[in-house]
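Student: My structure is in my_file10.cif, and what it holds is mmCIF, C-alpha atoms:
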data_work
#
loop_
_atom_site.group_PDB
_atom_site.id
_atom_site.type_symbol
_atom_site.label_atom_id
_atom_site.label_comp_id
_atom_site.auth_asym_id
_atom_site.auth_seq_id
_atom_site.Cartn_x
_atom_site.Cartn_y
_atom_site.Cartn_z
ATOM 1 C CA MET A 174 68.878 106.507 81.230
ATOM 2 C CA SER A 175 72.615 105.883 81.526
ATOM 3 C CA GLU A 176 74.518 103.622 79.180
ATOM 4 C CA SER A 177 76.502 100.739 80.548
ATOM 5 C CA ARG A 178 80.253 100.921 80.403
ATOM 6 C CA ASP A 179 80.505 97.535 78.682
ATOM 7 C CA ASN A 180 78.992 98.924 75.495
ATOM 8 C CA LYS A 181 81.709 101.561 75.197
ATOM 9 C CA LYS A 182 84.611 99.088 75.310
ATOM 10 C CA SER A 183 85.816 97.914 71.932
ATOM 11 C CA SER A 184 87.994 94.981 72.834
ATOM 12 C CA LYS A 185 88.673 91.836 70.904
ATOM 13 C CA PRO A 186 87.107 88.643 72.162
ATOM 14 C CA VAL A 187 89.448 86.603 74.329
ATOM 15 C CA LYS A 188 90.185 83.079 73.180
ATOM 16 C CA PRO A 189 89.608 80.698 76.082
ATOM 17 C CA LYS A 190 92.726 78.847 77.209
ATOM 18 C CA ILE A 191 92.226 75.106 77.462
ATOM 19 C CA VAL A 192 94.107 73.367 80.244
ATOM 20 C CA GLY A 193 97.009 71.402 78.801
ATOM 21 C CA GLU A 194 97.004 73.302 75.516
ATOM 22 C CA GLU A 195 100.408 74.631 74.537
ATOM 23 C CA ASP A 196 101.573 77.150 71.967
ATOM 24 C CA GLU A 197 103.144 76.173 68.674
ATOM 25 C CA ASN A 198 106.798 75.223 68.540
ATOM 26 C CA PRO A 199 109.326 77.932 67.763
ATOM 27 C CA LEU A 200 110.920 78.102 64.335
ATOM 28 C CA TRP A 201 114.280 76.811 65.572
ATOM 29 C CA TYR A 202 112.651 73.570 66.742
ATOM 30 C CA LYS A 203 111.321 72.771 63.282
ATOM 31 C CA ILE A 204 114.635 73.656 61.653
ATOM 32 C CA ALA A 205 116.556 71.446 64.094
ATOM 33 C CA MET A 206 114.111 68.560 63.664
ATOM 34 C CA PHE A 207 114.307 68.506 59.875
ATOM 35 C CA GLY A 208 118.032 69.272 60.034
ATOM 36 C CA PHE A 209 118.750 66.152 62.087
ATOM 37 C CA MET A 210 116.727 63.986 59.712
ATOM 38 C CA ILE A 211 118.465 65.360 56.636
ATOM 39 C CA LEU A 212 121.926 65.237 58.257
ATOM 40 C CA GLY A 213 121.440 61.563 59.140
ATOM 41 C CA LEU A 214 120.355 60.783 55.594
ATOM 42 C CA ILE A 215 123.323 62.670 54.115
ATOM 43 C CA TRP A 216 125.704 60.842 56.497
ATOM 44 C CA ILE A 217 124.465 57.452 55.283
ATOM 45 C CA LEU A 218 124.448 58.478 51.616
ATOM 46 C CA VAL A 219 128.012 59.814 51.778
ATOM 47 C CA PHE A 220 129.132 56.565 53.418
ATOM 48 C CA TYR A 221 127.588 54.430 50.669
ATOM 49 C CA ILE A 222 128.511 56.664 47.724
ATOM 50 C CA SER A 223 132.149 56.990 48.816
ATOM 51 C CA SER A 224 132.465 53.187 49.090
ATOM 52 C CA ALA A 225 132.954 53.286 52.876
ATOM 53 C CA ARG A 226 135.810 55.831 52.787
ATOM 54 C CA PHE A 227 133.969 58.852 54.185
ATOM 55 C CA PRO A 228 132.743 60.413 56.559
ATOM 56 C CA LEU A 229 134.747 58.312 59.051
ATOM 57 C CA GLY A 230 135.852 55.368 56.992
ATOM 58 C CA SER A 231 139.050 53.747 55.753
ATOM 59 C CA SER A 232 140.627 56.953 54.418
ATOM 60 C CA THR A 233 140.457 58.773 57.766
ATOM 61 C CA PRO A 234 142.514 58.307 60.956
ATOM 62 C CA ILE A 235 139.397 57.135 62.787
ATOM 63 C CA ASN A 236 138.007 54.121 60.942
ATOM 64 C CA LEU A 237 134.475 53.350 62.077
ATOM 65 C CA SER A 238 133.672 51.261 58.978
ATOM 66 C CA ASN A 239 130.059 50.056 59.193
ATOM 67 C CA TRP A 240 129.394 51.952 62.434
ATOM 68 C CA ASN A 241 128.792 54.936 60.150
ATOM 69 C CA ILE A 242 125.399 53.449 59.298
ATOM 70 C CA LEU A 243 124.459 53.346 62.976
ATOM 71 C CA ILE A 244 125.683 56.914 63.462
ATOM 72 C CA GLY A 245 123.602 58.118 60.493
ATOM 73 C CA PHE A 246 120.487 56.343 61.718
ATOM 74 C CA GLY A 247 121.083 57.661 65.239
ATOM 75 C CA ILE A 248 121.257 61.250 64.008
ATOM 76 C CA ALA A 249 118.103 60.749 61.937
ATOM 77 C CA MET A 250 116.289 59.131 64.871
ATOM 78 C CA ILE A 251 116.951 62.229 66.987
ATOM 79 C CA GLY A 252 114.998 64.184 64.379
ATOM 80 C CA PHE A 253 112.231 61.591 64.205
ATOM 81 C CA SER A 254 111.898 61.542 67.992
ATOM 82 C CA MET A 255 111.513 65.344 67.925
ATOM 83 C CA THR A 256 108.386 64.900 65.775
ATOM 84 C CA THR A 257 106.507 63.591 68.816
ATOM 85 C CA ARG A 258 106.576 67.123 70.273
ATOM 86 C CA TRP A 259 105.844 68.919 66.986
ATOM 87 C CA LYS A 260 102.663 70.992 66.838
#
Could I get this file's structure written as structure tokens?

Tutor:
Amino acid sequence: MSESRDNKKSSKPVKPKIVGEEDENPLWYKIAMFGFMILGLIWILVFYISSARFPLGSSTPINLSNWNILIGFGIAMIGFSMTTRWK
């Protein structure tokens, strides 16, 4: 009696691919996401700790005064919006 060819193959089982399932995010995506959140936090902290002089406050040629808070939150919100695509 002859043996079937399937018994001789030593292959790993194939994981079925589900429609709509995507791979994990690359490393750069996670670094950028957390980087934006931390950068926004640092921007706001520097603004408050320096008594509104830095990063773009009264001691710089471009005085954005309290707009620095909005800039910091905007940078952080970019990072938070990236979390919706994080896997």

Student: Give me the residues near A:Ile251 as a list in words, where near means some atom within 10 Å (using all atoms listed in the file) and where sequence neighbours in that chain fewer than 4 positions away do not count.

Tutor: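 My list of contacting residues is Ala205, Met206, Phe207, Gly208, Phe209, Met210, Gly213, Phe246, Gly247, Met255 and Thr256 of chain A.
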
Student: Could you tell me, as number ranges by chain, exactly which residues end up selected when the PyMOL selection byres ((chain A and resi 226) around 12) is applied to this structure?

Tutor: A: 216-225, 227-239, 241

Student: Take the residues from that selection and put them in a file with C-alpha atoms, as a CSV table (one decimal), keeping the file's coordinate frame.

Tutor:
chain,number,residue,atom,x,y,z
A,216,TRP,CA,125.7,60.8,56.5
A,217,ILE,CA,124.5,57.5,55.3
A,218,LEU,CA,124.4,58.5,51.6
A,219,VAL,CA,128.0,59.8,51.8
A,220,PHE,CA,129.1,56.6,53.4
A,221,TYR,CA,127.6,54.4,50.7
A,222,ILE,CA,128.5,56.7,47.7
A,223,SER,CA,132.1,57.0,48.8
A,224,SER,CA,132.5,53.2,49.1
A,225,ALA,CA,133.0,53.3,52.9
A,227,PHE,CA,134.0,58.9,54.2
A,228,PRO,CA,132.7,60.4,56.6
A,229,LEU,CA,134.7,58.3,59.1
A,230,GLY,CA,135.9,55.4,57.0
A,231,SER,CA,139.0,53.7,55.8
A,232,SER,CA,140.6,57.0,54.4
A,233,THR,CA,140.5,58.8,57.8
A,234,PRO,CA,142.5,58.3,61.0
A,235,ILE,CA,139.4,57.1,62.8
A,236,ASN,CA,138.0,54.1,60.9
A,237,LEU,CA,134.5,53.4,62.1
A,238,SER,CA,133.7,51.3,59.0
A,239,ASN,CA,130.1,50.1,59.2
A,241,ASN,CA,128.8,54.9,60.2

Student: Might I get the box with edges along x, y and z of the file that holds all atoms of stretch 195-205 of chain A listed there, padded by 4 Å on every side, given as centre and edge lengths in Å to one decimal, as AutoDock Vina command-line options?

Tutor:
--center_x 108.5 --center_y 74.8 --center_z 68.1 --size_x 24.1 --size_y 14.7 --size_z 20.9

Student: Could you please determine the separation between atom CA of A:Lys260 and atom CA of A:Tyr202 in Å, to one decimal place?

Tutor: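 About the pair atom CA of A:Lys260 and atom CA of A:Tyr202: they are 10.3 Å apart.
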
Student: For stretch 199-218 of chain A, supply N, CA and C atoms and report the output as a PDB file, in the frame of the given file.

Tutor:
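For reference, result.pdb as written:
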ATOM      1  N   PRO A 199     108.597  76.844  68.414  1.00  0.00           N
ATOM      2  CA  PRO A 199     109.326  77.932  67.763  1.00  0.00           C
ATOM      3  C   PRO A 199     109.958  77.464  66.452  1.00  0.00           C
ATOM      4  N   LEU A 200     110.357  78.410  65.643  1.00  0.00           N
ATOM      5  CA  LEU A 200     110.920  78.102  64.335  1.00  0.00           C
ATOM      6  C   LEU A 200     112.197  77.272  64.443  1.00  0.00           C
ATOM      7  N   TRP A 201     113.023  77.538  65.447  1.00  0.00           N
ATOM      8  CA  TRP A 201     114.280  76.811  65.572  1.00  0.00           C
ATOM      9  C   TRP A 201     114.040  75.319  65.811  1.00  0.00           C
ATOM     10  N   TYR A 202     112.938  74.976  66.464  1.00  0.00           N
ATOM     11  CA  TYR A 202     112.651  73.570  66.742  1.00  0.00           C
ATOM     12  C   TYR A 202     112.391  72.807  65.443  1.00  0.00           C
ATOM     13  N   LYS A 203     111.617  73.412  64.560  1.00  0.00           N
ATOM     14  CA  LYS A 203     111.321  72.771  63.282  1.00  0.00           C
ATOM     15  C   LYS A 203     112.570  72.657  62.427  1.00  0.00           C
ATOM     16  N   ILE A 204     113.396  73.691  62.429  1.00  0.00           N
ATOM     17  CA  ILE A 204     114.635  73.656  61.653  1.00  0.00           C
ATOM     18  C   ILE A 204     115.564  72.571  62.188  1.00  0.00           C
ATOM     19  N   ALA A 205     115.693  72.468  63.496  1.00  0.00           N
ATOM     20  CA  ALA A 205     116.556  71.446  64.094  1.00  0.00           C
ATOM     21  C   ALA A 205     116.029  70.043  63.812  1.00  0.00           C
ATOM     22  N   MET A 206     114.719  69.868  63.892  1.00  0.00           N
ATOM     23  CA  MET A 206     114.111  68.560  63.664  1.00  0.00           C
ATOM     24  C   MET A 206     114.387  68.072  62.237  1.00  0.00           C
ATOM     25  N   PHE A 207     114.063  68.914  61.264  1.00  0.00           N
ATOM     26  CA  PHE A 207     114.307  68.506  59.875  1.00  0.00           C
ATOM     27  C   PHE A 207     115.796  68.450  59.568  1.00  0.00           C
ATOM     28  N   GLY A 208     116.584  69.287  60.226  1.00  0.00           N
ATOM     29  CA  GLY A 208     118.032  69.272  60.034  1.00  0.00           C
ATOM     30  C   GLY A 208     118.657  67.959  60.469  1.00  0.00           C
ATOM     31  N   PHE A 209     118.236  67.443  61.620  1.00  0.00           N
ATOM     32  CA  PHE A 209     118.750  66.152  62.087  1.00  0.00           C
ATOM     33  C   PHE A 209     118.369  65.025  61.129  1.00  0.00           C
ATOM     34  N   MET A 210     117.144  65.038  60.639  1.00  0.00           N
ATOM     35  CA  MET A 210     116.727  63.986  59.712  1.00  0.00           C
ATOM     36  C   MET A 210     117.532  64.033  58.421  1.00  0.00           C
ATOM     37  N   ILE A 211     117.727  65.216  57.893  1.00  0.00           N
ATOM     38  CA  ILE A 211     118.465  65.360  56.636  1.00  0.00           C
ATOM     39  C   ILE A 211     119.948  65.066  56.850  1.00  0.00           C
ATOM     40  N   LEU A 212     120.522  65.507  57.968  1.00  0.00           N
ATOM     41  CA  LEU A 212     121.926  65.237  58.257  1.00  0.00           C
ATOM     42  C   LEU A 212     122.182  63.737  58.378  1.00  0.00           C
ATOM     43  N   GLY A 213     121.293  63.012  59.039  1.00  0.00           N
ATOM     44  CA  GLY A 213     121.440  61.563  59.140  1.00  0.00           C
ATOM     45  C   GLY A 213     121.375  60.886  57.781  1.00  0.00           C
ATOM     46  N   LEU A 214     120.464  61.341  56.944  1.00  0.00           N
ATOM     47  CA  LEU A 214     120.355  60.783  55.594  1.00  0.00           C
ATOM     48  C   LEU A 214     121.612  61.076  54.778  1.00  0.00           C
ATOM     49  N   ILE A 215     122.107  62.304  54.855  1.00  0.00           N
ATOM     50  CA  ILE A 215     123.323  62.670  54.115  1.00  0.00           C
ATOM     51  C   ILE A 215     124.515  61.858  54.612  1.00  0.00           C
ATOM     52  N   TRP A 216     124.603  61.626  55.924  1.00  0.00           N
ATOM     53  CA  TRP A 216     125.704  60.842  56.497  1.00  0.00           C
ATOM     54  C   TRP A 216     125.715  59.442  55.888  1.00  0.00           C
ATOM     55  N   ILE A 217     124.550  58.809  55.828  1.00  0.00           N
ATOM     56  CA  ILE A 217     124.465  57.452  55.283  1.00  0.00           C
ATOM     57  C   ILE A 217     124.757  57.450  53.787  1.00  0.00           C
ATOM     58  N   LEU A 218     124.212  58.418  53.057  1.00  0.00           N
ATOM     59  CA  LEU A 218     124.448  58.478  51.616  1.00  0.00           C
ATOM     60  C   LEU A 218     125.923  58.696  51.286  1.00  0.00           C
TER      61      LEU A 218
END
